[in-house]
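Colleague: Pasting a structure below so you can have a look.
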Amino acid sequence: MIEAENEMRLRMAKAVEEERMKVPFPLLIKPKKNEKPPPLDLNEAIRQVKANAKAKFDETVEAHIRLGVDSKRTEMAVRGTVILPHGAPKAVSVAVFAEGAEAEEAKAAGADIVGGKELIEEIASGKNKLKVDKCFSTPGMAPNLGKIAQYLRKRRLMPDKKLGTLTSDIAGQLKELRQGRVEFKMESKSILHVGLGKVSYKEEALRENISAFMNAVLLAKPAGLKKTSKYAGYVLSVHISSTMGPGLPVSIQSISKAADNYKKMHMV
C-alpha cells in the first residue's frame with residue numbers, strides 16, 4: 001500500500017516537471033529589477049520630458065549633471081555662468097550693495113533692492129531678511145560685507161568675482177541677468193543642478209538652452225583634471241527632467257554633438 005502511494009507521488013512529480021519544461025525558456029528568466037534604461041538622444045529626451053509634464057503649472061526643465069571631479073578639492077571646483085539664448089526659466093530678484101553714483105546706476109538698471117552700509121546694518125540686525133535670488137556688490141562695498149558674510153553664504157548670496165556678482169559693471173551684469181544668464185556651481189556630491197527652460201518652450205529652444213549650458217560646463221572644466229577628450233572622465237552622466245517628472249538619461253555623445261553645433265553657430 002505504501003509502495004503504491006510512493007509510486008503515485010513520483011508520477012505526479014514527474015508530470016509537474018514535464019509541464020514546467022513545456023514553458024518557453026525565455027519566460028523562465030526573471031526580469032532584472034531596477035535595470036537602468038539606456039540613455040536617450042537629446043532630442044528624444046526633450047520630447048519625452050515635455051510629454052511627461054502633467055502638472056497644472058508650467059514646469060521648469062532641469063538638467064542634472066554628475067561630474068567625475070573630487071568635490072573636496074577646492075581647486076577642482078566647477079562653477080560658471082552662461083547666457084541662455086532663449087532666456088532663463090525664472091525671473092530673478094536682485095539686491096545690490098553700492099553707494100553714490102554706483103547705487104543710482106544699479107537702480108536705473110532695474111535692481112530690486114539697492115543700499116550701502118545702512119542696508120548691511122539692517123541685514124546684520126535682522127530687520128531686513130533680504131528675500132532676493134541674487135546679490136551683487138561693487139568692489140568698494142566688498143570690505144563691508146564681512147559683517148553679514150555668514151548670512152549671505154548660508155543663502156548662497158555672497159557676491160563672487162568668478163560669478164560676475166562682485167563687479168564694477170553692475171549695469172552690464174544686470175543686463176546679462178535679464179537676458180537669461182544663469183549660474184552653475186558644483187555641489188558637495190559632484191552634481192550640477194540647473195533650470196534651463198520651461199516645458200512650454202519649443203523643443204528647439206530647449207535644445208539650444210541645454211546645448212549652451214553644456215558648452216559652458218565644458219569651458220569650466222578644471223585645469224587640474226586629467227587631460228581627457230572633452231567630456232570623457234569629466235561628465236559622467238546627464239539627466240533632464242521637468243519639475244515633477246522623471247529624470248531621463250541623455251547620451252553623452254548626443255550632448256557633445258549638440259554643444260559643438262551650438263559653439264560653431266553662436267560663438268566666435
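Numbering starts fresh at 1 for the residues of each chain in the C-alpha cells, the chains themselves are lettered A, B, ... in the order given, and ligands are numbered from 1 as they appear.
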Can you list every residue of segment 44-144 of chain A that has an atom at most 10 Å from segment 236-251 of chain A, with its nearest atom pair and the distance in Å to one decimal, using only C-alpha atoms, ordered by chain then number, as a tab-separated table?
Modeller:
```
residue	atom	partner	partner_atom	distance
A:Glu44	CA	A:Val250	CA	8.9
A:Ala45	CA	A:Leu248	CA	6.4
A:Ile46	CA	A:Ile240	CA	7.8
A:Gln48	CA	A:Leu248	CA	8.2
A:Val49	CA	A:Ser241	CA	5.7
A:Lys50	CA	A:Ser242	CA	7.6
A:Ala51	CA	A:Gly245	CA	9.5
A:Asn52	CA	A:Gly245	CA	6.1
A:Ala53	CA	A:Gly245	CA	5.9
A:Lys54	CA	A:Gly245	CA	7.9
A:Ala55	CA	A:Met244	CA	7.0
A:Phe57	CA	A:Thr243	CA	9.8
A:Asp58	CA	A:Thr243	CA	9.0
A:Glu59	CA	A:Thr243	CA	5.3
A:Thr60	CA	A:Thr243	CA	5.3
A:Val61	CA	A:Ser242	CA	4.4
A:Glu62	CA	A:Ser241	CA	5.4
A:Ala63	CA	A:Ile240	CA	4.5
A:His64	CA	A:His239	CA	5.2
A:Ile65	CA	A:Val238	CA	4.7
A:Arg66	CA	A:Ser237	CA	5.2
A:Leu67	CA	A:Leu236	CA	5.4
A:Gly68	CA	A:Leu236	CA	6.0
A:Val69	CA	A:Leu236	CA	9.5
```
Colleague: Between A:Ala171, A:Met186, A:Ala223, A:Ile148, which one has atoms that come closest to Ser125 of chain A, using only C-alpha atoms?
Modeller: A:Ile148
Colleague: Quote the spacing between atom CA of Phe213 of chain A and atom CA of Arg153 of chain A in Å to one decimal place.
Modeller: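 Rounded to one decimal, the two atoms are 24.3 Å apart.
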Colleague: Between atom CA of Ser254 of chain A and atom CA of Gly195 of chain A, what is the distance in Å, rounded to a tenth?
Modeller: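 Atom CA of Gly195 of chain A lies 19.5 Å from atom CA of Ser254 of chain A.
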Colleague: I'd like a table as a tab-separated table: residues in segment 149-232 of chain A with an atom no more than 9 Å from segment 77-96 of chain A, each row giving the shortest atom pair and its distance in Å to one decimal, only C-alpha atoms counted, sorted by chain and rising residue number.
Modeller:
```
residue	atom	partner	partner_atom	distance
A:Lys162	CA	A:Gly80	CA	7.1
A:Leu163	CA	A:Gly80	CA	6.0
A:Gly164	CA	A:Thr81	CA	8.3
A:Ile170	CA	A:Val96	CA	8.2
A:Leu174	CA	A:Val94	CA	8.5
A:Glu176	CA	A:Ile83	CA	7.0
A:Leu177	CA	A:Ile83	CA	7.8
A:Arg178	CA	A:Ala91	CA	7.8
A:Gln179	CA	A:Gly87	CA	6.0
A:Gly180	CA	A:Gly87	CA	4.0
A:Arg181	CA	A:Ile83	CA	3.9
A:Val182	CA	A:Thr81	CA	5.6
A:Glu183	CA	A:Thr81	CA	4.4
A:Phe184	CA	A:Arg79	CA	5.4
A:Lys185	CA	A:Arg79	CA	4.2
A:Met186	CA	A:Val78	CA	5.3
A:Glu187	CA	A:Val78	CA	8.9
A:Ser190	CA	A:Val78	CA	8.7
A:Leu192	CA	A:Val78	CA	8.7
A:Gly195	CA	A:Pro89	CA	6.6
A:Leu196	CA	A:Pro89	CA	6.1
A:Gly197	CA	A:Pro89	CA	4.5
A:Lys198	CA	A:Pro89	CA	5.8
A:Tyr201	CA	A:His86	CA	8.7
A:Ala205	CA	A:His86	CA	6.0
A:Leu206	CA	A:His86	CA	7.9
A:Glu208	CA	A:Pro85	CA	7.0
A:Asn209	CA	A:Leu84	CA	5.2
A:Ile210	CA	A:Leu84	CA	8.2
A:Ala212	CA	A:Leu84	CA	6.4
A:Phe213	CA	A:Val82	CA	6.3
A:Asn215	CA	A:Val82	CA	8.9
A:Ala216	CA	A:Val82	CA	6.2
A:Val217	CA	A:Gly80	CA	7.6
A:Leu219	CA	A:Gly80	CA	8.7
A:Ala220	CA	A:Val78	CA	6.0
A:Lys221	CA	A:Val78	CA	6.6
A:Pro222	CA	A:Val78	CA	6.6
```
Colleague: Run DSSP on the backbone and tell me which residues of segment 88-213 of chain A come out as strand (DSSP E or B); list them as a list in words.
Modeller: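 Output for segment 88-213 of chain A, strand (DSSP E or B) only: Val94, Ala95, Val96, Phe97, Ile113, Val114, Gly115, Lys134, Cys135, Phe136, Ser137, Leu166, Arg181, Val182, Glu183, Phe184, Lys185, Ile191, Leu192, His193, Val194, Gly195, Leu196, Gly197 and Lys198 of chain A.
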Colleague: I need the residues from that last selection saved to file as a PDB file, in the first residue's frame (with C-alpha atoms), if you can.
Modeller:
```pdb
ATOM      1  CA  VAL A  94      18.315  91.260  -7.217  1.00  0.00           C
ATOM      2  CA  ALA A  95      19.912  93.221  -4.376  1.00  0.00           C
ATOM      3  CA  VAL A  96      22.941  95.430  -4.997  1.00  0.00           C
ATOM      4  CA  PHE A  97      25.387  96.699  -2.378  1.00  0.00           C
ATOM      5  CA  ILE A 113      16.988  96.487  -3.635  1.00  0.00           C
ATOM      6  CA  VAL A 114      19.928  98.904  -3.549  1.00  0.00           C
ATOM      7  CA  GLY A 115      21.820 100.017  -0.475  1.00  0.00           C
ATOM      8  CA  LYS A 134      20.911  87.204  -6.269  1.00  0.00           C
ATOM      9  CA  CYS A 135      23.205  89.719  -4.618  1.00  0.00           C
ATOM     10  CA  PHE A 136      25.675  91.978  -6.390  1.00  0.00           C
ATOM     11  CA  SER A 137      28.287  94.249  -4.891  1.00  0.00           C
ATOM     12  CA  LEU A 166      31.319  91.251  -7.441  1.00  0.00           C
ATOM     13  CA  ARG A 181      22.122  84.450 -17.556  1.00  0.00           C
ATOM     14  CA  VAL A 182      22.202  81.565 -15.094  1.00  0.00           C
ATOM     15  CA  GLU A 183      24.898  80.474 -12.683  1.00  0.00           C
ATOM     16  CA  PHE A 184      26.008  76.928 -12.011  1.00  0.00           C
ATOM     17  CA  LYS A 185      28.136  75.573  -9.201  1.00  0.00           C
ATOM     18  CA  ILE A 191      26.449  67.294  -9.054  1.00  0.00           C
ATOM     19  CA  LEU A 192      25.254  70.290 -11.065  1.00  0.00           C
ATOM     20  CA  HIS A 193      21.536  71.166 -10.912  1.00  0.00           C
ATOM     21  CA  VAL A 194      20.308  73.926 -13.234  1.00  0.00           C
ATOM     22  CA  GLY A 195      16.941  75.080 -14.560  1.00  0.00           C
ATOM     23  CA  LEU A 196      17.212  75.646 -18.313  1.00  0.00           C
ATOM     24  CA  GLY A 197      13.716  76.455 -19.533  1.00  0.00           C
ATOM     25  CA  LYS A 198      10.019  75.690 -19.238  1.00  0.00           C
TER      26      LYS A 198
END
```
Colleague: Check the DSSP output for the backbone and give back, as a PyMOL selection string, the residues of segment 71-238 of chain A in helix (DSSP H, G or I).
Modeller: chain A and resi 74-76+101-108+117-125+139-154+161-163+170-179+203-219
Colleague: Quick one: of A:Asp133, A:Lys263, A:Lys175, A:Gly126, who's nearest to Met158 of chain A, counting only C-alpha atoms?
Modeller: A:Asp133
